[in-house]
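Peer 1: For reference, the file upload.csv (CSV, N, CA and C atoms) is included below:
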```csv
chain,number,residue,atom,x,y,z
A,20,MET,N,-10.8,3.6,-26.1
A,20,MET,CA,-9.5,3.8,-25.5
A,20,MET,C,-8.7,2.4,-25.6
A,21,ASN,N,-7.6,2.4,-26.2
A,21,ASN,CA,-6.8,1.2,-26.3
A,21,ASN,C,-5.8,1.2,-25.1
A,22,VAL,N,-6.1,0.3,-24.2
A,22,VAL,CA,-5.4,0.3,-22.9
A,22,VAL,C,-4.1,-0.6,-23.0
A,23,ASP,N,-3.8,-1.1,-24.2
A,23,ASP,CA,-2.6,-1.9,-24.4
A,23,ASP,C,-1.4,-1.0,-24.4
A,24,ASP,N,-1.6,0.2,-24.8
A,24,ASP,CA,-0.4,1.1,-24.9
A,24,ASP,C,-0.1,1.7,-23.5
A,25,GLU,N,1.2,1.8,-23.2
A,25,GLU,CA,1.7,2.3,-22.0
A,25,GLU,C,1.2,3.7,-21.7
A,26,GLY,N,1.0,4.6,-22.7
A,26,GLY,CA,0.6,5.9,-22.5
A,26,GLY,C,-0.9,6.0,-22.0
A,27,ASP,N,-1.6,5.0,-22.1
A,27,ASP,CA,-3.1,5.0,-21.8
A,27,ASP,C,-3.3,4.7,-20.3
A,28,ARG,N,-2.3,4.4,-19.5
A,28,ARG,CA,-2.5,4.2,-18.1
A,28,ARG,C,-2.8,5.5,-17.4
A,29,PRO,N,-3.9,5.6,-16.8
A,29,PRO,CA,-4.3,7.0,-16.2
A,29,PRO,C,-3.3,7.3,-15.0
A,30,ALA,N,-3.2,8.6,-14.9
A,30,ALA,CA,-2.3,9.2,-13.8
A,30,ALA,C,-2.7,8.7,-12.4
A,31,PRO,N,-3.9,8.6,-12.1
A,31,PRO,CA,-4.2,8.1,-10.7
A,31,PRO,C,-3.7,6.6,-10.5
A,32,VAL,N,-3.7,5.8,-11.5
A,32,VAL,CA,-3.2,4.4,-11.3
A,32,VAL,C,-1.7,4.5,-11.1
A,33,VAL,N,-1.0,5.3,-11.9
A,33,VAL,CA,0.4,5.4,-11.8
A,33,VAL,C,0.8,5.9,-10.4
A,34,LEU,N,0.1,7.0,-9.9
A,34,LEU,CA,0.3,7.5,-8.6
A,34,LEU,C,0.0,6.5,-7.5
A,35,ALA,N,-1.1,5.8,-7.7
A,35,ALA,CA,-1.4,4.7,-6.7
A,35,ALA,C,-0.4,3.7,-6.6
A,36,VAL,N,0.2,3.3,-7.7
A,36,VAL,CA,1.3,2.3,-7.7
A,36,VAL,C,2.5,2.8,-7.0
A,37,VAL,N,2.8,4.1,-7.2
A,37,VAL,CA,4.0,4.7,-6.6
A,37,VAL,C,3.8,4.8,-5.1
A,38,VAL,N,2.6,5.2,-4.7
A,38,VAL,CA,2.2,5.3,-3.2
A,38,VAL,C,2.2,4.0,-2.5
A,39,PHE,N,1.6,3.0,-3.1
A,39,PHE,CA,1.5,1.7,-2.5
A,39,PHE,C,2.9,1.0,-2.5
A,40,ALA,N,3.7,1.3,-3.5
A,40,ALA,CA,5.1,0.7,-3.5
A,40,ALA,C,5.9,1.4,-2.3
A,41,GLY,N,5.7,2.7,-2.1
A,41,GLY,CA,6.3,3.3,-1.0
A,41,GLY,C,5.9,2.8,0.3
A,42,GLN,N,4.6,2.4,0.5
A,42,GLN,CA,4.1,1.8,1.7
A,42,GLN,C,4.7,0.4,1.9
A,43,SER,N,4.8,-0.4,0.8
A,43,SER,CA,5.5,-1.7,0.9
A,43,SER,C,7.0,-1.5,1.3
A,44,LEU,N,7.6,-0.5,0.8
A,44,LEU,CA,9.0,-0.3,1.1
A,44,LEU,C,9.1,0.1,2.6
A,45,LEU,N,8.2,0.9,3.1
A,45,LEU,CA,8.3,1.2,4.6
A,45,LEU,C,8.1,0.0,5.4
A,46,TRP,N,7.2,-0.9,5.0
A,46,TRP,CA,7.1,-2.2,5.8
A,46,TRP,C,8.5,-2.9,5.8
A,47,LEU,N,9.1,-2.9,4.6
A,47,LEU,CA,10.4,-3.6,4.5
A,47,LEU,C,11.5,-2.9,5.4
A,48,ILE,N,11.5,-1.6,5.4
A,48,ILE,CA,12.4,-0.9,6.3
A,48,ILE,C,12.1,-1.1,7.7
A,49,SER,N,10.8,-1.2,8.1
A,49,SER,CA,10.4,-1.4,9.5
A,49,SER,C,11.0,-2.7,10.1
A,50,ILE,N,11.3,-3.7,9.2
A,50,ILE,CA,11.8,-5.0,9.7
A,50,ILE,C,13.2,-4.7,10.3
A,51,PHE,N,14.0,-3.8,9.7
A,51,PHE,CA,15.3,-3.5,10.2
A,51,PHE,C,15.3,-2.4,11.3
A,52,GLU,N,14.3,-1.5,11.2
A,52,GLU,CA,14.3,-0.4,12.1
A,52,GLU,C,13.9,-0.7,13.5
A,53,MET,N,12.9,-1.6,13.6
A,53,MET,CA,12.3,-1.9,14.9
A,53,MET,C,13.1,-3.1,15.5
A,54,GLN,N,14.0,-2.8,16.4
A,54,GLN,CA,14.9,-3.8,17.0
A,54,GLN,C,14.1,-4.7,18.0
A,55,HIS,N,13.0,-4.2,18.5
A,55,HIS,CA,12.3,-4.9,19.6
A,55,HIS,C,11.4,-6.0,19.0
A,56,LEU,N,11.2,-6.1,17.7
A,56,LEU,CA,10.3,-7.1,17.2
A,56,LEU,C,10.9,-8.4,17.2
A,57,GLU,N,10.1,-9.4,17.6
A,57,GLU,CA,10.5,-10.8,17.6
A,57,GLU,C,10.4,-11.3,16.2
A,58,THR,N,10.8,-12.5,16.0
A,58,THR,CA,10.8,-13.2,14.7
A,58,THR,C,9.4,-13.2,14.0
A,59,PRO,N,8.4,-13.6,14.7
A,59,PRO,CA,7.0,-13.6,14.1
A,59,PRO,C,6.6,-12.2,13.6
A,60,GLY,N,6.9,-11.2,14.3
A,60,GLY,CA,6.6,-9.8,13.9
A,60,GLY,C,7.4,-9.4,12.6
A,61,ARG,N,8.6,-9.8,12.6
A,61,ARG,CA,9.5,-9.5,11.4
A,61,ARG,C,9.0,-10.3,10.2
A,62,LEU,N,8.6,-11.6,10.4
A,62,LEU,CA,8.1,-12.4,9.3
A,62,LEU,C,6.8,-11.8,8.8
A,63,GLY,N,5.9,-11.3,9.7
A,63,GLY,CA,4.7,-10.7,9.3
A,63,GLY,C,4.9,-9.5,8.4
A,64,LEU,N,5.8,-8.6,8.9
A,64,LEU,CA,6.1,-7.4,8.1
A,64,LEU,C,6.7,-7.8,6.7
A,65,LEU,N,7.6,-8.8,6.7
A,65,LEU,CA,8.1,-9.3,5.4
A,65,LEU,C,7.0,-9.8,4.5
A,66,ALA,N,6.1,-10.6,5.1
A,66,ALA,CA,5.0,-11.1,4.2
A,66,ALA,C,4.2,-10.0,3.7
A,67,MET,N,3.8,-9.0,4.5
A,67,MET,CA,3.0,-7.9,4.1
A,67,MET,C,3.7,-7.1,3.0
A,68,SER,N,5.1,-6.9,3.2
A,68,SER,CA,5.8,-6.2,2.2
A,68,SER,C,5.9,-7.0,0.8
A,69,LEU,N,6.1,-8.2,0.9
A,69,LEU,CA,6.2,-9.0,-0.4
A,69,LEU,C,4.8,-9.1,-1.1
A,70,ILE,N,3.8,-9.3,-0.3
A,70,ILE,CA,2.4,-9.3,-0.9
A,70,ILE,C,2.1,-8.0,-1.4
A,71,GLY,N,2.5,-6.9,-0.7
A,71,GLY,CA,2.3,-5.6,-1.2
A,71,GLY,C,3.0,-5.3,-2.5
A,72,PHE,N,4.3,-5.7,-2.7
A,72,PHE,CA,5.0,-5.5,-3.9
A,72,PHE,C,4.4,-6.3,-5.1
A,73,TYR,N,3.9,-7.5,-4.8
A,73,TYR,CA,3.3,-8.3,-5.8
A,73,TYR,C,2.0,-7.7,-6.2
A,74,SER,N,1.2,-7.2,-5.3
A,74,SER,CA,-0.1,-6.5,-5.6
A,74,SER,C,0.1,-5.2,-6.3
A,75,VAL,N,1.2,-4.5,-6.0
A,75,VAL,CA,1.5,-3.3,-6.8
A,75,VAL,C,1.7,-3.6,-8.2
A,76,LEU,N,2.5,-4.7,-8.5
A,76,LEU,CA,2.7,-5.2,-9.9
A,76,LEU,C,1.4,-5.5,-10.5
A,77,ARG,N,0.5,-6.2,-9.8
A,77,ARG,CA,-0.8,-6.6,-10.4
A,77,ARG,C,-1.6,-5.4,-10.7
A,78,LEU,N,-1.6,-4.4,-9.8
A,78,LEU,CA,-2.3,-3.1,-10.1
A,78,LEU,C,-1.8,-2.4,-11.3
A,79,TRP,N,-0.4,-2.4,-11.4
A,79,TRP,CA,0.2,-1.8,-12.6
A,79,TRP,C,-0.2,-2.4,-13.9
A,80,LEU,N,-0.4,-3.7,-13.8
A,80,LEU,CA,-0.8,-4.5,-15.0
A,80,LEU,C,-2.3,-4.4,-15.3
A,81,GLY,N,-3.0,-3.8,-14.4
A,81,GLY,CA,-4.5,-3.6,-14.5
A,81,GLY,C,-5.3,-4.7,-13.9
A,82,GLY,N,-4.8,-5.3,-12.9
A,82,GLY,CA,-5.6,-6.4,-12.2
A,82,GLY,C,-6.4,-5.8,-11.0
A,83,ARG,N,-7.7,-6.2,-11.0
A,83,ARG,CA,-8.5,-5.7,-9.9
A,83,ARG,C,-8.1,-6.4,-8.6
A,84,TRP,N,-7.6,-7.6,-8.6
A,84,TRP,CA,-7.2,-8.3,-7.4
A,84,TRP,C,-6.0,-7.6,-6.7
A,85,GLY,N,-5.2,-6.9,-7.5
A,85,GLY,CA,-4.1,-6.1,-6.9
A,85,GLY,C,-4.6,-5.0,-6.1
A,86,ARG,N,-5.7,-4.3,-6.6
A,86,ARG,CA,-6.3,-3.3,-5.9
A,86,ARG,C,-7.0,-3.8,-4.6
A,87,ILE,N,-7.7,-4.9,-4.7
A,87,ILE,CA,-8.4,-5.5,-3.6
A,87,ILE,C,-7.4,-5.9,-2.5
A,88,THR,N,-6.3,-6.5,-2.9
A,88,THR,CA,-5.3,-6.9,-1.9
A,88,THR,C,-4.7,-5.7,-1.2
A,89,LEU,N,-4.4,-4.7,-2.0
A,89,LEU,CA,-3.8,-3.5,-1.4
A,89,LEU,C,-4.8,-2.8,-0.5
A,90,THR,N,-6.1,-2.9,-0.8
A,90,THR,CA,-7.1,-2.4,0.1
A,90,THR,C,-7.1,-3.1,1.5
A,91,VAL,N,-7.0,-4.4,1.4
A,91,VAL,CA,-6.9,-5.2,2.6
A,91,VAL,C,-5.6,-4.9,3.4
A,92,LEU,N,-4.5,-4.8,2.7
A,92,LEU,CA,-3.2,-4.5,3.4
A,92,LEU,C,-3.2,-3.1,4.0
A,93,ALA,N,-4.1,-2.2,3.5
A,93,ALA,CA,-4.1,-0.8,4.0
A,93,ALA,C,-4.7,-0.8,5.4
A,94,VAL,N,-5.5,-1.8,5.8
A,94,VAL,CA,-6.2,-1.8,7.1
A,94,VAL,C,-5.2,-1.8,8.2
A,95,PRO,N,-4.2,-2.7,8.3
A,95,PRO,CA,-3.3,-2.6,9.4
A,95,PRO,C,-2.5,-1.3,9.5
A,96,ALA,N,-2.2,-0.7,8.3
A,96,ALA,CA,-1.5,0.5,8.3
A,96,ALA,C,-2.3,1.6,8.9
A,97,LEU,N,-3.6,1.6,8.6
A,97,LEU,CA,-4.5,2.6,9.2
A,97,LEU,C,-4.7,2.4,10.7
A,98,VAL,N,-4.8,1.2,11.1
A,98,VAL,CA,-4.9,0.9,12.5
A,98,VAL,C,-3.7,1.3,13.3
A,99,PHE,N,-2.5,1.0,12.8
A,99,PHE,CA,-1.3,1.3,13.5
A,99,PHE,C,-1.1,2.8,13.5
A,100,GLY,N,-1.4,3.5,12.4
A,100,GLY,CA,-1.3,4.9,12.3
A,100,GLY,C,-2.2,5.6,13.2
A,101,TYR,N,-3.4,5.1,13.4
A,101,TYR,CA,-4.4,5.7,14.4
A,101,TYR,C,-3.8,5.5,15.8
A,102,GLY,N,-3.2,4.3,16.0
A,102,GLY,CA,-2.7,4.1,17.4
A,102,GLY,C,-1.5,5.1,17.7
A,103,ALA,N,-0.7,5.4,16.7
A,103,ALA,CA,0.4,6.3,16.9
A,103,ALA,C,-0.1,7.7,17.2
A,104,VAL,N,-1.1,8.1,16.4
A,104,VAL,CA,-1.7,9.5,16.6
A,104,VAL,C,-2.5,9.5,17.9
A,105,ASP,N,-3.1,8.5,18.3
A,105,ASP,CA,-3.9,8.4,19.6
A,105,ASP,C,-2.9,8.5,20.7
A,106,GLY,N,-1.7,7.9,20.6
A,106,GLY,CA,-0.7,7.9,21.6
A,106,GLY,C,-0.2,9.4,21.8
A,107,LEU,N,0.0,10.1,20.7
A,107,LEU,CA,0.4,11.5,20.7
A,107,LEU,C,-0.6,12.3,21.5
A,108,ALA,N,-1.9,12.0,21.2
A,108,ALA,CA,-3.0,12.8,21.9
A,108,ALA,C,-3.0,12.5,23.4
A,109,ASP,N,-2.5,11.4,23.8
A,109,ASP,CA,-2.4,11.0,25.2
A,109,ASP,C,-1.1,11.5,25.9
A,110,GLY,N,-0.3,12.2,25.1
A,110,GLY,CA,0.9,12.8,25.7
A,110,GLY,C,2.2,12.0,25.6
A,111,PHE,N,2.1,10.9,24.8
A,111,PHE,CA,3.3,10.0,24.6
A,111,PHE,C,4.2,10.7,23.6
A,112,THR,N,5.5,10.4,23.6
A,112,THR,CA,6.4,10.9,22.6
A,112,THR,C,6.3,10.0,21.4
A,113,LEU,N,6.7,10.5,20.3
A,113,LEU,CA,6.6,9.7,19.0
A,113,LEU,C,8.0,9.1,18.7
A,114,SER,N,8.0,7.7,18.7
A,114,SER,CA,9.2,7.0,18.4
A,114,SER,C,9.3,6.9,16.8
A,115,PRO,N,10.5,6.5,16.4
A,115,PRO,CA,10.7,6.3,14.9
A,115,PRO,C,9.6,5.3,14.3
A,116,GLY,N,9.3,4.3,15.1
A,116,GLY,CA,8.2,3.4,14.7
A,116,GLY,C,6.9,4.0,14.5
A,117,GLY,N,6.6,5.0,15.4
A,117,GLY,CA,5.4,5.7,15.3
A,117,GLY,C,5.3,6.7,14.1
A,118,VAL,N,6.5,7.3,13.8
A,118,VAL,CA,6.6,8.1,12.6
A,118,VAL,C,6.3,7.2,11.4
A,119,GLY,N,6.9,6.1,11.4
A,119,GLY,CA,6.7,5.1,10.2
A,119,GLY,C,5.2,4.7,10.1
A,120,ALA,N,4.6,4.5,11.3
A,120,ALA,CA,3.2,4.1,11.3
A,120,ALA,C,2.3,5.2,10.7
A,121,ILE,N,2.6,6.4,11.1
A,121,ILE,CA,1.8,7.5,10.6
A,121,ILE,C,2.0,7.7,9.1
A,122,ALA,N,3.3,7.6,8.7
A,122,ALA,CA,3.6,7.7,7.3
A,122,ALA,C,2.9,6.6,6.5
A,123,GLN,N,2.8,5.4,7.0
A,123,GLN,CA,2.2,4.3,6.3
A,123,GLN,C,0.7,4.6,6.2
A,124,ALA,N,0.1,5.1,7.3
A,124,ALA,CA,-1.3,5.4,7.2
A,124,ALA,C,-1.7,6.5,6.2
A,125,VAL,N,-0.8,7.5,6.1
A,125,VAL,CA,-1.0,8.6,5.1
A,125,VAL,C,-0.9,8.0,3.7
A,126,LEU,N,0.1,7.2,3.5
A,126,LEU,CA,0.3,6.6,2.2
A,126,LEU,C,-0.9,5.6,1.9
A,127,ALA,N,-1.4,4.9,2.9
A,127,ALA,CA,-2.6,4.0,2.6
A,127,ALA,C,-3.8,4.8,2.2
A,128,ILE,N,-4.1,6.0,2.9
A,128,ILE,CA,-5.2,6.8,2.6
A,128,ILE,C,-5.1,7.3,1.1
A,129,ALA,N,-3.9,7.9,0.8
A,129,ALA,CA,-3.6,8.4,-0.5
A,129,ALA,C,-3.8,7.3,-1.6
A,130,GLY,N,-3.2,6.2,-1.3
A,130,GLY,CA,-3.2,5.1,-2.3
A,130,GLY,C,-4.7,4.6,-2.5
A,131,LEU,N,-5.4,4.5,-1.5
A,131,LEU,CA,-6.8,4.1,-1.6
A,131,LEU,C,-7.7,5.1,-2.4
A,132,VAL,N,-7.5,6.4,-2.1
A,132,VAL,CA,-8.2,7.4,-2.9
A,132,VAL,C,-7.9,7.3,-4.3
A,133,LEU,N,-6.6,7.2,-4.6
A,133,LEU,CA,-6.1,7.2,-6.0
A,133,LEU,C,-6.6,5.9,-6.7
A,134,ALA,N,-6.6,4.8,-6.0
A,134,ALA,CA,-6.9,3.5,-6.7
A,134,ALA,C,-8.4,3.4,-6.9
A,135,TYR,N,-9.2,4.2,-6.3
A,135,TYR,CA,-10.7,4.1,-6.5
A,135,TYR,C,-11.3,5.3,-7.2
A,136,LEU,N,-10.5,6.2,-7.7
A,136,LEU,CA,-11.0,7.3,-8.5
A,136,LEU,C,-11.7,6.8,-9.8
A,137,PRO,N,-12.6,7.5,-10.4
A,137,PRO,CA,-13.3,7.0,-11.6
A,137,PRO,C,-12.4,6.6,-12.7
A,138,ALA,N,-11.3,7.4,-12.9
A,138,ALA,CA,-10.3,7.0,-14.0
A,138,ALA,C,-9.7,5.7,-13.7
A,139,SER,N,-9.4,5.4,-12.5
A,139,SER,CA,-8.8,4.1,-12.1
A,139,SER,C,-9.8,3.0,-12.3
A,140,ASN,N,-11.0,3.2,-11.9
A,140,ASN,CA,-12.1,2.2,-12.0
A,140,ASN,C,-12.3,1.9,-13.5
A,141,ALA,N,-12.3,2.9,-14.4
A,141,ALA,CA,-12.5,2.7,-15.8
A,141,ALA,C,-11.3,1.9,-16.4
A,142,TYR,N,-10.1,2.2,-16.0
A,142,TYR,CA,-8.9,1.5,-16.5
A,142,TYR,C,-9.0,0.0,-16.1
A,143,LEU,N,-9.3,-0.2,-14.8
A,143,LEU,CA,-9.3,-1.6,-14.3
A,143,LEU,C,-10.4,-2.4,-14.9
A,144,ARG,N,-11.5,-1.7,-15.1
A,144,ARG,CA,-12.7,-2.4,-15.8
A,144,ARG,C,-12.3,-2.8,-17.2
A,145,SER,N,-11.7,-1.9,-17.9
A,145,SER,CA,-11.3,-2.2,-19.3
A,145,SER,C,-10.3,-3.2,-19.4
A,146,ARG,N,-9.4,-3.3,-18.4
A,146,ARG,CA,-8.3,-4.3,-18.5
A,146,ARG,C,-8.8,-5.7,-18.1
A,147,SER,N,-9.9,-5.8,-17.4
A,147,SER,CA,-10.4,-7.1,-17.0
A,147,SER,C,-11.5,-7.7,-17.9
A,148,SER,N,-11.9,-6.9,-18.8
A,148,SER,CA,-13.0,-7.4,-19.7
A,148,SER,C,-12.4,-7.9,-21.0
```
Please lay out the structure from this file as structure tokens.
Peer 2:
Amino acid sequence: MNVDDEGDRPAPVVLAVVVFAGQSLLWLISIFEMQHLETPGRLGLLAMSLIGFYSVLRLWLGGRWGRITLTVLAVPALVFGYGAVDGLADGFTLSPGGVGAIAQAVLAIAGLVLAYLPASNAYLRSRSS
């Protein structure tokens, strides 16, 4: 398989890139959506978003480090998504930030599954060798 051609990029990698780019975009939107965040929180979301977009580019180009970084960035999304769902189970209402947290968690799970499918592993292995 000649992976230098654009057509040889497997569908799971393309979908993982789209999903993780959507997650990074949600972090960027959250900066403006959550008015109660102080400056350090906004800077943290901005950093996660920028690192996410850079890692998406690295994954698109076939870099394993892009996938590893996106895996690490998925952890906060999963934690906040779990917190939002747990709050719903306790009878709390869902705020727009909670909806965003659940959406980011769903995107993180989908992106992780797609990024670690056998076709994705083979593509990244062939690009790094």
Peer 1: Could you list, as a PyMOL selection string, every residue within 8 Å of stretch 108-119 of chain A, counting all atoms listed in the file and ignoring same-chain residues fewer than 6 positions away?
Peer 2: chain A and resi 45-46+49+52-53+99-100+102+125
Peer 1: May I have the residues from that selection written out with N, CA and C atoms, as a compact mmCIF listing (two decimals), keeping the file's coordinate frame?
Peer 2:
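Everything below was put into selection.txt:
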```
# COMPACT_ATOMS: atom_id res chain seq x y z
N LEU A 45 8.20 0.90 3.10
CA LEU A 45 8.30 1.20 4.60
C LEU A 45 8.10 0.00 5.40
N TRP A 46 7.20 -0.90 5.00
CA TRP A 46 7.10 -2.20 5.80
C TRP A 46 8.50 -2.90 5.80
N SER A 49 10.80 -1.20 8.10
CA SER A 49 10.40 -1.40 9.50
C SER A 49 11.00 -2.70 10.10
N GLU A 52 14.30 -1.50 11.20
CA GLU A 52 14.30 -0.40 12.10
C GLU A 52 13.90 -0.70 13.50
N MET A 53 12.90 -1.60 13.60
CA MET A 53 12.30 -1.90 14.90
C MET A 53 13.10 -3.10 15.50
N PHE A 99 -2.50 1.00 12.80
CA PHE A 99 -1.30 1.30 13.50
C PHE A 99 -1.10 2.80 13.50
N GLY A 100 -1.40 3.50 12.40
CA GLY A 100 -1.30 4.90 12.30
C GLY A 100 -2.20 5.60 13.20
N GLY A 102 -3.20 4.30 16.00
CA GLY A 102 -2.70 4.10 17.40
C GLY A 102 -1.50 5.10 17.70
N VAL A 125 -0.80 7.50 6.10
CA VAL A 125 -1.00 8.60 5.10
C VAL A 125 -0.90 8.00 3.70
```
Peer 1: Could you check the closest approach to A:Gln123 for each of A:Arg86, A:Ile70, A:Gly41, A:Leu143 and tell me which residue wins, using only N, CA and C atoms?
Peer 2: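 The answer is A:Gly41, which sits nearest to A:Gln123.
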Peer 1: Here is a test: counting only N, CA and C atoms, which residue of A:Leu64, A:Leu131, A:Leu89, A:Ala103 is nearest to A:Ile48?
Peer 2: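 Checking each candidate against A:Ile48, we get A:Leu64 as the closest.
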Peer 1: Using only N, CA and C atoms, pick whichever of A:Thr90, A:Leu65, A:Leu133, A:Pro59 has the shortest atom-to-atom distance to A:Val36.
Peer 2: A:Leu133
Peer 1: Interatomic distance between atom N of A:Arg77 and atom CA of A:Ala40?
Peer 2: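 For atom N of A:Arg77 relative to atom CA of A:Ala40, the distance reads 10.4 Å.
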Peer 1: Report, in Å to a single decimal, how far apart atom N of A:Leu44 and atom CA of A:Gly106 are.
Peer 2: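 Taking atom CA of A:Gly106 as the start and atom N of A:Leu44 as the end point, the length is 23.9 Å.
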Peer 1: Kindly provide the residues of stretch 80-113 of chain A that approach stretch 30-33 of chain A to within 12 Å, each paired with its closest atom pair and their distance in Å to one decimal, based on only C-alpha atoms, listed by chain and increasing number, as a Markdown table.
Peer 2:
```
| residue | atom | partner | partner_atom | distance |
| --- | --- | --- | --- | --- |
| A:Leu80 | CA | A:Val32 | CA | 9.9 |
| A:Gly81 | CA | A:Val32 | CA | 8.7 |
| A:Gly82 | CA | A:Val32 | CA | 11.1 |
| A:Arg83 | CA | A:Val32 | CA | 11.5 |
| A:Gly85 | CA | A:Val32 | CA | 11.4 |
| A:Arg86 | CA | A:Val32 | CA | 9.9 |
```
